[in-house]
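> First the structure, which I've put down as structure tokens, then a few questions once you've had a look.
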Amino acid sequence: MSWTLHPIADFPRHAARWDQLRQSLGHAVFLESAFLLPLLEEFGAGQELLLALQADDDGKALRAGAIVRRCGAGRWEVFQPSQLPLASWMIEDPEHSLERQAKALLSALPGFALSLGLPQLDSLLLPRPTNSASLRTQDYIETAWVDVDGSFEAYWESRGKNLRQNSKKQRNKLATEGLETRLECLEEPADVAQAIADYGALESAGWKAADGTAIHPDNAQGRFYRKMLENFCAQGRGRIYRYRFGDKVVSMDLCIESGPVIVILKTAYDESYRTVSPSTLMRQEQFQQLFEQARHRRIEFYGKVMEWHTRWTDKARPIYHATCYRWPLIGTVHAQLARHRQRVAARRQPAAADAPTAHKE
């Protein structure tokens with residue numbers, strides 16, 4: 001088997017084989033071309049490379065695939081902007097071949113490639129290998145999920161007492177104020193544009209507007225999410241949950257699905273209603289629907305486990321980074337430099353601790 005290199009502009013020609021590989025391996029739905037093509041259009045530099053691994057006796061099926069870009073002299077990394085929860089990297093038999101295939105990929109890259117960064121690998125999809133002289137891994141985050149198993153009533157009863165009581169109290173408060181709640185699930189491509197505008201309005205009214213990271217229909221974030229969700233809705237695999245208090249949109253989830261798994265990509269809520277937790281009330285009704293419809297077996301969050309995640313599940317698994325080096329000596333030098341930087345940072349820490357810091361709630 002050998003890696004072949006293609007300019008990223010050729011990705012559409014290879015999309016069907018890429019998607020067949022994704023489906024055969026059961027990898028995350030957002031590694032499909034329906035997600036990656038609009039992502040590359042908005043956040044790619046145009047210099048990325050598509051790498052395909054084919055069996056020598058079969059020029060059609062892919063055995064592995066990756067999208068990579070140069071990130072410095074001799075340094076390459078797998079494409080993974082912030083909108084993509086995991087690296088765009090898929091291989092068969094990952095327990096035994098991650099290091100071998102990464103080193104083979106390094107040899108196939110143009111120029112003199114010395115290292116390959118593989119950020120955000122899911123231990124469920126790519127079990128974390130043992131460190132070696134040429135492959136180093138490091139902790140990143142833990143991500144949470146919910147198993148859709150049994151009845152919603154049993155699931156809800158298993159959640160913490162505080163979550164159940166607070167949800168009931170918040171619903172009673174809304175009822176006292178004459179506000180009815182309504183959950184909508186949008187699945188048609190024609191509904192996506194307005195949904196993205198509504199979602200952008202929620203983010204633009206909150207802290208993300210100050211950070212400059214809020215979705216807007218006319219910015220790169222908005223264009224990406226609109227095109228991507230239109231792609232998935234056209235296939236019957238996009239879901240946008242929109243929650244209202246009366247006529248006012250107060251919370252939303254952007255989701256995509258593949259087979260038994262649904263992924264919640266982004267969540268936003270109206271911060272002026274913080275005291276009644278609109279996203280919590282939305283999620284309760286959303287999860288009830290998912291349990292009753294029984295179309296899915298797992299709900300994935302794909303993000304760092306936060307306190308609010310633990311209200312909904314006690315399940316978590318590691319996401320890790322990996323770096324592969326062409327020669328063991330490079331890995332040794334890199335590790336020594338990293339330890340040196342840590343020592344320097346530690347020596348500076350006392351001075352930094354005395355300086356005033358800004359806090360964001």
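If you're wondering about the labels, chains in the structure tokens are A, B, ... by order shown, residues count from 1 in each chain, ligands from 1 in order shown.
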For the interface of range 155-203 of chain A with range 312-323 of chain A (cut-off 12 Å, counting only C-alpha atoms), please tabulate each contacting residue of range 155-203 of chain A alongside its nearest pair of atoms and their separation in Å to one decimal, rows sorted by chain and increasing number, as CSV.

```
residue,atom,partner,partner_atom,distance
A:Tyr155,CA,A:Trp312,CA,9.2
A:Trp156,CA,A:Trp312,CA,8.8
A:Glu157,CA,A:Trp312,CA,11.1
A:Ser158,CA,A:Trp312,CA,9.4
A:Arg159,CA,A:Trp312,CA,6.6
A:Gly160,CA,A:Trp312,CA,8.4
A:Lys161,CA,A:Trp312,CA,11.6
A:Asn162,CA,A:Trp312,CA,11.5
A:Leu163,CA,A:Trp312,CA,8.6
A:Arg164,CA,A:Trp312,CA,10.6
```
> Would you mind listing, for every residue of range 263-332 of chain A within 10 Å of range 168-186 of chain A, the two atoms forming the shortest contact and the distance between them in Å to one decimal, using only C-alpha atoms, sorted by chain and ascending residue number, as a tab-separated table?

```
residue	atom	partner	partner_atom	distance
A:Thr275	CA	A:Gln170	CA	8.3
A:Val276	CA	A:Gln170	CA	5.4
A:Ser277	CA	A:Gln170	CA	7.7
A:Pro278	CA	A:Gln170	CA	9.0
A:Thr280	CA	A:Gln170	CA	9.8
A:Leu281	CA	A:Arg171	CA	8.0
A:Met282	CA	A:Leu183	CA	6.8
A:Arg283	CA	A:Leu183	CA	9.5
A:Glu285	CA	A:Leu183	CA	7.2
A:Gln286	CA	A:Leu183	CA	7.5
A:Gln289	CA	A:Cys185	CA	9.9
```
> Atoms to include: all heavy atoms. Write the selected residues as a PDB file, in the first residue's frame.

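Dumped to again-v9.pdb:
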```
ATOM      1  N   THR A 275     -31.645  32.964  34.400  1.00  0.00           N
ATOM      2  CA  THR A 275     -32.192  32.473  35.670  1.00  0.00           C
ATOM      3  C   THR A 275     -33.176  31.324  35.498  1.00  0.00           C
ATOM      4  O   THR A 275     -33.478  30.615  36.468  1.00  0.00           O
ATOM      5  CB  THR A 275     -32.891  33.614  36.441  1.00  0.00           C
ATOM      6  OG1 THR A 275     -33.919  34.176  35.613  1.00  0.00           O
ATOM      7  CG2 THR A 275     -31.886  34.699  36.826  1.00  0.00           C
ATOM      8  N   VAL A 276     -33.686  31.137  34.273  1.00  0.00           N
ATOM      9  CA  VAL A 276     -34.609  30.018  34.052  1.00  0.00           C
ATOM     10  C   VAL A 276     -33.998  28.964  33.129  1.00  0.00           C
ATOM     11  O   VAL A 276     -34.702  28.067  32.668  1.00  0.00           O
ATOM     12  CB  VAL A 276     -35.970  30.497  33.496  1.00  0.00           C
ATOM     13  CG1 VAL A 276     -36.784  31.176  34.577  1.00  0.00           C
ATOM     14  CG2 VAL A 276     -35.795  31.398  32.290  1.00  0.00           C
ATOM     15  N   SER A 277     -32.717  29.066  32.846  1.00  0.00           N
ATOM     16  CA  SER A 277     -31.959  28.026  32.128  1.00  0.00           C
ATOM     17  C   SER A 277     -32.684  27.486  30.891  1.00  0.00           C
ATOM     18  O   SER A 277     -33.075  26.312  30.851  1.00  0.00           O
ATOM     19  CB  SER A 277     -31.661  26.855  33.065  1.00  0.00           C
ATOM     20  OG  SER A 277     -30.947  27.283  34.194  1.00  0.00           O
ATOM     21  N   PRO A 278     -32.866  28.313  29.865  1.00  0.00           N
ATOM     22  CA  PRO A 278     -33.593  27.833  28.681  1.00  0.00           C
ATOM     23  C   PRO A 278     -32.929  26.646  27.989  1.00  0.00           C
ATOM     24  O   PRO A 278     -33.625  25.766  27.477  1.00  0.00           O
ATOM     25  CB  PRO A 278     -33.628  29.063  27.761  1.00  0.00           C
ATOM     26  CG  PRO A 278     -32.533  29.955  28.250  1.00  0.00           C
ATOM     27  CD  PRO A 278     -32.446  29.726  29.716  1.00  0.00           C
ATOM     28  N   THR A 280     -31.317  24.222  29.424  1.00  0.00           N
ATOM     29  CA  THR A 280     -31.624  23.027  30.202  1.00  0.00           C
ATOM     30  C   THR A 280     -33.036  22.533  29.902  1.00  0.00           C
ATOM     31  O   THR A 280     -33.262  21.338  29.696  1.00  0.00           O
ATOM     32  CB  THR A 280     -31.483  23.318  31.703  1.00  0.00           C
ATOM     33  OG1 THR A 280     -30.135  23.676  31.988  1.00  0.00           O
ATOM     34  CG2 THR A 280     -31.877  22.111  32.541  1.00  0.00           C
ATOM     35  N   LEU A 281     -33.990  23.461  29.846  1.00  0.00           N
ATOM     36  CA  LEU A 281     -35.362  23.069  29.551  1.00  0.00           C
ATOM     37  C   LEU A 281     -35.483  22.522  28.129  1.00  0.00           C
ATOM     38  O   LEU A 281     -36.206  21.547  27.890  1.00  0.00           O
ATOM     39  CB  LEU A 281     -36.290  24.265  29.755  1.00  0.00           C
ATOM     40  CG  LEU A 281     -36.316  24.858  31.164  1.00  0.00           C
ATOM     41  CD1 LEU A 281     -37.293  26.030  31.244  1.00  0.00           C
ATOM     42  CD2 LEU A 281     -36.686  23.782  32.192  1.00  0.00           C
ATOM     43  N   MET A 282     -34.779  23.156  27.190  1.00  0.00           N
ATOM     44  CA  MET A 282     -34.774  22.655  25.818  1.00  0.00           C
ATOM     45  C   MET A 282     -34.224  21.242  25.762  1.00  0.00           C
ATOM     46  O   MET A 282     -34.795  20.354  25.118  1.00  0.00           O
ATOM     47  CB  MET A 282     -33.939  23.570  24.919  1.00  0.00           C
ATOM     48  CG  MET A 282     -33.800  23.039  23.490  1.00  0.00           C
ATOM     49  SD  MET A 282     -32.694  24.019  22.441  1.00  0.00           S
ATOM     50  CE  MET A 282     -31.099  23.613  23.186  1.00  0.00           C
ATOM     51  N   ARG A 283     -33.101  21.013  26.456  1.00  0.00           N
ATOM     52  CA  ARG A 283     -32.455  19.711  26.379  1.00  0.00           C
ATOM     53  C   ARG A 283     -33.331  18.618  26.989  1.00  0.00           C
ATOM     54  O   ARG A 283     -33.345  17.484  26.510  1.00  0.00           O
ATOM     55  CB  ARG A 283     -31.084  19.774  27.059  1.00  0.00           C
ATOM     56  CG  ARG A 283     -30.245  18.546  26.838  1.00  0.00           C
ATOM     57  CD  ARG A 283     -28.794  18.879  26.651  1.00  0.00           C
ATOM     58  NE  ARG A 283     -28.570  19.610  25.431  1.00  0.00           N
ATOM     59  CZ  ARG A 283     -27.941  20.796  25.383  1.00  0.00           C
ATOM     60  NH1 ARG A 283     -27.474  21.351  26.482  1.00  0.00           N
ATOM     61  NH2 ARG A 283     -27.770  21.405  24.224  1.00  0.00           N
ATOM     62  N   GLU A 285     -36.596  18.426  26.891  1.00  0.00           N
ATOM     63  CA  GLU A 285     -37.598  18.057  25.889  1.00  0.00           C
ATOM     64  C   GLU A 285     -36.954  17.397  24.676  1.00  0.00           C
ATOM     65  O   GLU A 285     -37.510  16.462  24.079  1.00  0.00           O
ATOM     66  CB  GLU A 285     -38.395  19.294  25.484  1.00  0.00           C
ATOM     67  CG  GLU A 285     -39.218  19.878  26.628  1.00  0.00           C
ATOM     68  CD  GLU A 285     -40.061  21.068  26.194  1.00  0.00           C
ATOM     69  OE1 GLU A 285     -40.580  21.042  25.057  1.00  0.00           O
ATOM     70  OE2 GLU A 285     -40.190  22.035  26.975  1.00  0.00           O
ATOM     71  N   GLN A 286     -35.785  17.888  24.305  1.00  0.00           N
ATOM     72  CA  GLN A 286     -35.051  17.316  23.171  1.00  0.00           C
ATOM     73  C   GLN A 286     -34.694  15.861  23.451  1.00  0.00           C
ATOM     74  O   GLN A 286     -34.927  14.964  22.608  1.00  0.00           O
ATOM     75  CB  GLN A 286     -33.788  18.139  22.938  1.00  0.00           C
ATOM     76  CG  GLN A 286     -32.827  17.601  21.903  1.00  0.00           C
ATOM     77  CD  GLN A 286     -31.474  18.301  21.976  1.00  0.00           C
ATOM     78  OE1 GLN A 286     -30.993  18.617  23.059  1.00  0.00           O
ATOM     79  NE2 GLN A 286     -30.871  18.549  20.831  1.00  0.00           N
ATOM     80  N   GLN A 289     -37.659  13.547  23.296  1.00  0.00           N
ATOM     81  CA  GLN A 289     -37.978  13.189  21.914  1.00  0.00           C
ATOM     82  C   GLN A 289     -37.058  12.099  21.386  1.00  0.00           C
ATOM     83  O   GLN A 289     -37.502  11.131  20.764  1.00  0.00           O
ATOM     84  CB  GLN A 289     -37.878  14.420  21.000  1.00  0.00           C
ATOM     85  CG  GLN A 289     -39.094  15.304  20.969  1.00  0.00           C
ATOM     86  CD  GLN A 289     -39.010  16.315  19.833  1.00  0.00           C
ATOM     87  OE1 GLN A 289     -38.134  16.262  18.979  1.00  0.00           O
ATOM     88  NE2 GLN A 289     -39.935  17.261  19.833  1.00  0.00           N
TER      89      GLN A 289
END
```
> Let's see if you can do this: from backbone DSSP, list all alpha helix (DSSP H) residues in range 245-341 of chain A, as a VMD selection string.
chain A and resid 278 to 293 307 to 312 328 to 341
> Identify all residues of range 108-169 of chain A in strand (DSSP E) (DSSP on the backbone) and supply them as a VMD selection string.
chain A and resid 115 to 122 135 to 147
> Of the candidates A:Ser204, A:Ser279, A:Gln120, A:Gln23, which one gets nearest to Ser88 in chain A if we count only C-alpha atoms?
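Closest to Ser88 in chain A, using only C-alpha atoms: A:Gln120.
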> I need the residue nearest Phe301 in chain A from this list: A:Arg128, A:Arg348, A:Arg100, A:Lys266. Use only C-alpha atoms for the distance.
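Using only C-alpha atoms, the shortest distance to Phe301 in chain A belongs to A:Lys266.
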> Using CA of Tyr140 in chain A and CA of Leu124 in chain A as the two end points, give the distance in Å to one decimal.
14.2 Å
